[in-house]
Structures are given as structure tokens and as C-alpha cells.
Amino acid sequence: MMFMPSPFFNLSNRISRGVRKLATMSLTSHSSTFLLPNLPADDGPALTYALVILNQSLPKFTPLLWKHAKVHICADGGANRVFDELPGMFPHEEASEIRKRYKPYAIKGDMDSIRTDVLDYYRGLGTKIIDESQDQDTTDLNKCVTYIRDSLNSEHPNLCILVTGALGGRFDHEMGNINVICCFPSMRIILLSDDSLIQLLPSKHHHKIHIQSLVEGPHCGLIPIGTVAGRTSTTGLQWNLDNTEMRFGGLVSTSNIVKENIVTVQSDSDLLWTISIKKD
Ligand SMILES: Nc1ncnc2c1ncn2[C@@H]1O[C@H](COP(=O)(O)OP(=O)(O)OP(=O)(O)O)[C@@H](O)[C@H]1O
Ligand SMILES: Cc1ncc(C[n+]2csc(CCO)c2C)c(N)n1
């Protein structure tokens with residue numbers, strides 16, 4: 001006799017799958033401790049930071065990010081910024097000393113923006129040069145993240161990629177940079193400027209964001225990207241969401257305010273989390 005599923009089979013199956021999903025939903029913690037002068041020892045499971053420098057003015061906290069990062073990669077013309085701008089952040093030291101101290105591990109991109117003198121200089125210091133000029137379909141940031149994922153992830157598990165110069169500037173580049181964090185949802189990538197940071201909160205986790213109020217906030221936002229976010233719930237914000245629908249072209253949470261030391265977010269869709277960075 002042929003098996004006939006009961007009319008309730010799908011429903012009960014869906015419910016039990018839903019329950020299982022809730023029961024197994026993992027909690028991911030986030031904390032911008034990389035903006036503090038020293039990484040706290042009790043920072044939970046240690047993250048290893050990789051720093052990617054894009055071709056925009058370096059944020060003032062670049063030396064701090066460099067110190068916290070285990071590996072430093074320049075996206076094409078980002079190398080010009082390290083060469084030109086880092087010595088100016090240490091006016092009392094010799095430019096050549098600073099350039100040797102802040103030597104990128106690799107420079108990767110389509111190499112249409114790095115100057116020849118800069119390329120020759122870092123090649124001479126032993127920096128890996130990865131020329132992908134044949135690929136005109138992915139951005140230099142995408143190329144760098146791919147390199148980190150494929151070549152560095154096994155050596156450095158629990159990697160978090162900090163990206164400077166990702167926001168502000170040309171709008172197509174900004175959107176391209178945001179697209180990169182959506183292209184690699186399982187990697188932790190944080191886009192930074194002097195004014196704000198952005199990261200993806202994948203829907204398959206619940207999120208606990210430890211606010212570093214010395215260096216970030218209070219302005220923040222939660223933005224659905226690419227699709228409707230049917231249900232999002234938050235705690236710790238002035239305008240919390242309670243199973244609220246958000247969509248581009250409708251409600252998105254901007255100019256929200258952090259009210260507690262911990263913000264929690266759960267949603268059925270991937271969201272962008274953004275928070276302001278304090279000027280000192
Ligand atoms: N004005 C900008 N605003 C935001 N991001 C930028 C800007 N300029 C450069 N970037 C970032 O720096 C990366 C390297 O930039 P660069 O100027 O070397 O190359 P590009 O040819 O402009 O970029 P791509 O080759 O990726 O199109 C870019 O991929 C982008 O992520
Ligand atoms: C539909 C489409 N739009 C734009 C580009 C061009 N493009 C995209 S990323 C990039 C940077 C390469 O480093 C360039 C030139 C393309 N290929 N396909």
C-alpha cells in the first residue's frame with residue numbers, strides 16, 4: 001500500500017523542525033574591543049584579527065588596529081595610503097622607520113591604483129604581491145577576503161577581518177564593500193571608517209552585542225539588505241523591535257540609540273548592524 005502522508009504530516013514536521021531550529025540556534029557575541037588601546041584578557045574566545053586597508057584616507061585609529069591584527073593586507077591602492085599616510089601619524093619618527101614597522105604581509109588587487117614606487121618599495125621589503133589584474137569582475141576587497149579565507153583561515157582560526165576606508169567616499173565602492181560582507185556571511189568582517197562600523201548579523205544566529213561605550217555609540221541602526229526581514233526582535237535599544245517587519249522601501253531602523261551595555265538581536269533575515277564611532 002502506498003504511504004499517504006497525513007494532512008498534518010507537513011504541519012507537524014514543520015513545527016518540530018521549527019522547535020529544533022530554535023533549540024539549536026546559537027548565540028554569537030560581538031564586541032568592538034579592537035577599538036580599545038588594549039584587548040581585554042577576558043574577551044571570551046580569542047579572535048584573531050586580520051586588517052585590510054582600502055584606498056581611502058586612513059582612520060586615525062589605524063595604528064591601534066594594526067597592533068591588534070596578526071596579519072595586514074593592502075587592497076591595491078590601500079598600499080599607497082600606508083606608505084603616504086602612516087608616517088604622518090608619527091611626526092617625531094623617521095618616515096623610513098615607520099614604513100618598515102608597518103609593512104603589509106600582502107598586497108592584492110588588480111593593481112591599477114598602486115604606484116610603481118610603492119609596489120617596488122614593499123616588494124623590496126618582502127611583502128607578497130598578488131596581482132589579479134585578469135579578474136575585472138570582483139573588487140579588490142573581495143579579492144583580499146577570498147585570499148584570507150583560502151590561505152590564512154586554517155592557520156588563524158576564529159578570524160575577524162577589520163576593513164579600513166570602507167565607508168564614505170564613492171557610493172558604488174561603498175555598496176561594493178557592503179556587498180562583500182554579504183557575499184561572505186560566514187566570515188566575520190567589520191567595515192570601518194572614522195565615523196562608524198558596519199557588520200553583518202546572519203539570521204542563523206542570535207546576537208549579543210557588547211557595547212564599548214568608551215569608543216562607540218550611542219547612534220546605531222539595523223538594516224535589512226536584499227530581502228524583507230519578516231520578524232526582528234531586539235533589546236537594549238531606545239526603539240526596540242518586537243517581531244517587527246523591516247524592508248528597504250519601508251521601515252528600517254536608523255538613528256536608533258543604544259540604551260544598555262548589551263544589545264540583543266534576533267531576526268529571520270540577515271541584517272546589517274551599524275554603530276557610530278566616537279571622536280575623542
Ligand atoms: N572612494 C572610495 N570609497 C569607498 N571604498 C573605496 C574607495 N576607493 C577605493 N575603495 C576601496 O578600496 C579598494 C581598492 O581601491 P583602488 O582605488 O585600489 O582600486 P579601484 O580600481 O578603485 O577598485 P576596484 O579595482 O576594486 O574596482 C576598492 O576595491 C574599494 O573596496
Ligand atoms: C556588471 C559589471 N559591472 C561592472 C564591472 C566592472 N568591475 C566590477 S569589479 C571591478 C574591479 C576589478 O578590480 C570592475 C572593473 C563588471 N565586471 N561587471
# chains A, B, ... in the order shown; residues from 1 in each chain; ligands from 1
>>> residues_near_ligand(ligand="ligand 1", cutoff="8 Å", atoms="only C-alpha atoms and all ligand atoms", output="ChimeraX atom specification")
/A:53-56,75-78,109-114,136,138-142,165-174,176-177
>>> write_last_selection(atoms="C-alpha atoms", output="CSV table (one decimal), in the first residue's frame")
chain,number,residue,atom,x,y,z
A,53,ILE,CA,43.4,48.5,4.2
A,54,LEU,CA,41.5,50.0,1.3
A,55,ASN,CA,42.3,53.0,-0.8
A,56,GLN,CA,40.8,55.8,1.3
A,75,ALA,CA,43.9,46.1,-1.3
A,76,ASP,CA,45.8,47.5,-4.3
A,77,GLY,CA,45.9,51.4,-3.8
A,78,GLY,CA,45.5,50.8,0.0
A,109,GLY,CA,44.2,43.5,-6.2
A,110,ASP,CA,44.0,44.3,-9.9
A,111,MET,CA,47.0,46.7,-9.4
A,112,ASP,CA,45.6,49.6,-11.3
A,113,SER,CA,45.9,52.1,-8.4
A,114,ILE,CA,49.1,51.2,-6.5
A,136,GLN,CA,37.7,42.5,-13.6
A,138,THR,CA,35.3,41.2,-8.4
A,139,THR,CA,36.5,44.1,-6.3
A,140,ASP,CA,39.9,44.4,-4.6
A,141,LEU,CA,38.2,43.9,-1.2
A,142,ASN,CA,36.6,40.8,-2.5
A,165,GLY,CA,38.4,53.0,4.4
A,166,ALA,CA,35.3,51.1,3.5
A,167,LEU,CA,32.7,53.8,4.2
A,168,GLY,CA,32.4,57.4,2.9
A,169,GLY,CA,33.8,58.1,-0.5
A,170,ARG,CA,32.4,56.8,-3.8
A,171,PHE,CA,28.9,55.3,-3.4
A,172,ASP,CA,29.5,52.5,-5.8
A,173,HIS,CA,32.6,51.5,-3.8
A,174,GLU,CA,30.6,51.7,-0.5
A,176,GLY,CA,30.5,47.1,-3.3
A,177,ASN,CA,32.1,46.9,0.1
>>> residues_around(residues="A:Val163", least_positions_apart="2", cutoff="6 Å", atoms="only C-alpha atoms", output="list in words")
Leu51, Val52, Ile53, Leu191 and Leu192 of chain A
>>> write_last_selection(atoms="N, CA and C atoms", output="PDB file, in the first residue's frame")
ATOM      1  N   LEU A  51      43.759  42.699   9.244  1.00  0.00           N
ATOM      2  CA  LEU A  51      43.431  44.082   8.868  1.00  0.00           C
ATOM      3  C   LEU A  51      43.561  44.221   7.356  1.00  0.00           C
ATOM      4  N   VAL A  52      42.508  44.728   6.723  1.00  0.00           N
ATOM      5  CA  VAL A  52      42.564  45.005   5.285  1.00  0.00           C
ATOM      6  C   VAL A  52      42.450  46.511   5.101  1.00  0.00           C
ATOM      7  N   ILE A  53      43.416  47.082   4.392  1.00  0.00           N
ATOM      8  CA  ILE A  53      43.438  48.533   4.198  1.00  0.00           C
ATOM      9  C   ILE A  53      43.029  48.856   2.766  1.00  0.00           C
ATOM     10  N   LEU A 191      33.376  46.527   8.572  1.00  0.00           N
ATOM     11  CA  LEU A 191      33.749  47.674   7.742  1.00  0.00           C
ATOM     12  C   LEU A 191      33.845  48.901   8.644  1.00  0.00           C
ATOM     13  N   LEU A 192      34.943  49.645   8.499  1.00  0.00           N
ATOM     14  CA  LEU A 192      35.185  50.780   9.403  1.00  0.00           C
ATOM     15  C   LEU A 192      35.473  52.069   8.654  1.00  0.00           C
TER      16      LEU A 192
END
>>> atom_distance(atom1="atom CA of A:Ser276", atom2="atom CA of A:Thr232")
21.1 Å
>>> closest_residue(among="A:Pro224, A:Gly217, A:Gly249, A:Pro104", to="A:Leu200", atoms="only C-alpha atoms")
A:Pro224
>>> atom_distance(atom1="atom 15 (C, counted along the ligand's line) of ligand 2", atom2="atom CA of A:Gln134")
10.1 Å
>>> residues_around(residues="stretch 260-262 of chain A", least_positions_apart="3", cutoff="12 Å", atoms="only C-alpha atoms", output="list in words")
Ser29, His30, Ser31, His207, Lys208, Ile209, His210, Ile211, Gln212, Ser213, Leu214, Glu216, Gly217, Pro218, Thr234, Thr235, Gly236, Leu237, Gln238, Asn240, Ile257 and Val265 of chain A
>>> atom_distance(atom1="atom CA of A:Lys70", atom2="atom CA of A:Thr48")
6.6 Å
>>> decode(residues="stretch 102-120 of chain A", atoms="N, CA and C atoms", output="PDB file, in the first residue's frame")
ATOM      1  N   TYR A 102      55.511  49.266   9.657  1.00  0.00           N
ATOM      2  CA  TYR A 102      54.158  48.981   9.170  1.00  0.00           C
ATOM      3  C   TYR A 102      54.242  48.394   7.767  1.00  0.00           C
ATOM      4  N   LYS A 103      54.796  47.190   7.712  1.00  0.00           N
ATOM      5  CA  LYS A 103      54.990  46.515   6.419  1.00  0.00           C
ATOM      6  C   LYS A 103      53.829  45.551   6.180  1.00  0.00           C
ATOM      7  N   PRO A 104      53.061  45.724   5.085  1.00  0.00           N
ATOM      8  CA  PRO A 104      51.975  44.773   4.831  1.00  0.00           C
ATOM      9  C   PRO A 104      52.509  43.371   4.553  1.00  0.00           C
ATOM     10  N   TYR A 105      51.768  42.362   4.992  1.00  0.00           N
ATOM     11  CA  TYR A 105      52.131  40.973   4.693  1.00  0.00           C
ATOM     12  C   TYR A 105      51.891  40.700   3.206  1.00  0.00           C
ATOM     13  N   ALA A 106      50.790  41.251   2.677  1.00  0.00           N
ATOM     14  CA  ALA A 106      50.476  41.031   1.257  1.00  0.00           C
ATOM     15  C   ALA A 106      49.762  42.249   0.688  1.00  0.00           C
ATOM     16  N   ILE A 107      49.930  42.429  -0.612  1.00  0.00           N
ATOM     17  CA  ILE A 107      49.156  43.436  -1.349  1.00  0.00           C
ATOM     18  C   ILE A 107      48.459  42.669  -2.470  1.00  0.00           C
ATOM     19  N   LYS A 108      47.128  42.788  -2.497  1.00  0.00           N
ATOM     20  CA  LYS A 108      46.396  42.036  -3.517  1.00  0.00           C
ATOM     21  C   LYS A 108      45.380  42.937  -4.208  1.00  0.00           C
ATOM     22  N   GLY A 109      45.202  42.750  -5.511  1.00  0.00           N
ATOM     23  CA  GLY A 109      44.204  43.526  -6.234  1.00  0.00           C
ATOM     24  C   GLY A 109      44.459  43.461  -7.719  1.00  0.00           C
ATOM     25  N   ASP A 110      43.778  44.338  -8.440  1.00  0.00           N
ATOM     26  CA  ASP A 110      44.028  44.339  -9.887  1.00  0.00           C
ATOM     27  C   ASP A 110      45.145  45.318 -10.253  1.00  0.00           C
ATOM     28  N   MET A 111      45.723  45.932  -9.239  1.00  0.00           N
ATOM     29  CA  MET A 111      46.970  46.704  -9.355  1.00  0.00           C
ATOM     30  C   MET A 111      46.868  47.874 -10.346  1.00  0.00           C
ATOM     31  N   ASP A 112      45.663  48.460 -10.414  1.00  0.00           N
ATOM     32  CA  ASP A 112      45.559  49.627 -11.291  1.00  0.00           C
ATOM     33  C   ASP A 112      45.687  50.932 -10.500  1.00  0.00           C
ATOM     34  N   SER A 113      45.838  50.846  -9.182  1.00  0.00           N
ATOM     35  CA  SER A 113      45.925  52.077  -8.386  1.00  0.00           C
ATOM     36  C   SER A 113      47.224  52.202  -7.599  1.00  0.00           C
ATOM     37  N   ILE A 114      47.873  51.085  -7.297  1.00  0.00           N
ATOM     38  CA  ILE A 114      49.119  51.186  -6.527  1.00  0.00           C
ATOM     39  C   ILE A 114      50.182  51.844  -7.404  1.00  0.00           C
ATOM     40  N   ARG A 115      50.953  52.780  -6.817  1.00  0.00           N
ATOM     41  CA  ARG A 115      52.027  53.436  -7.588  1.00  0.00           C
ATOM     42  C   ARG A 115      53.216  52.479  -7.707  1.00  0.00           C
ATOM     43  N   THR A 116      53.989  52.661  -8.793  1.00  0.00           N
ATOM     44  CA  THR A 116      55.129  51.749  -9.007  1.00  0.00           C
ATOM     45  C   THR A 116      56.165  51.896  -7.906  1.00  0.00           C
ATOM     46  N   ASP A 117      56.388  53.140  -7.440  1.00  0.00           N
ATOM     47  CA  ASP A 117      57.413  53.299  -6.393  1.00  0.00           C
ATOM     48  C   ASP A 117      56.985  52.564  -5.119  1.00  0.00           C
ATOM     49  N   VAL A 118      55.677  52.574  -4.832  1.00  0.00           N
ATOM     50  CA  VAL A 118      55.171  51.908  -3.627  1.00  0.00           C
ATOM     51  C   VAL A 118      55.263  50.391  -3.790  1.00  0.00           C
ATOM     52  N   LEU A 119      54.886  49.918  -4.969  1.00  0.00           N
ATOM     53  CA  LEU A 119      54.967  48.478  -5.261  1.00  0.00           C
ATOM     54  C   LEU A 119      56.411  47.993  -5.126  1.00  0.00           C
ATOM     55  N   ASP A 120      57.340  48.748  -5.733  1.00  0.00           N
ATOM     56  CA  ASP A 120      58.759  48.348  -5.687  1.00  0.00           C
ATOM     57  C   ASP A 120      59.275  48.367  -4.249  1.00  0.00           C
TER      58      ASP A 120
END
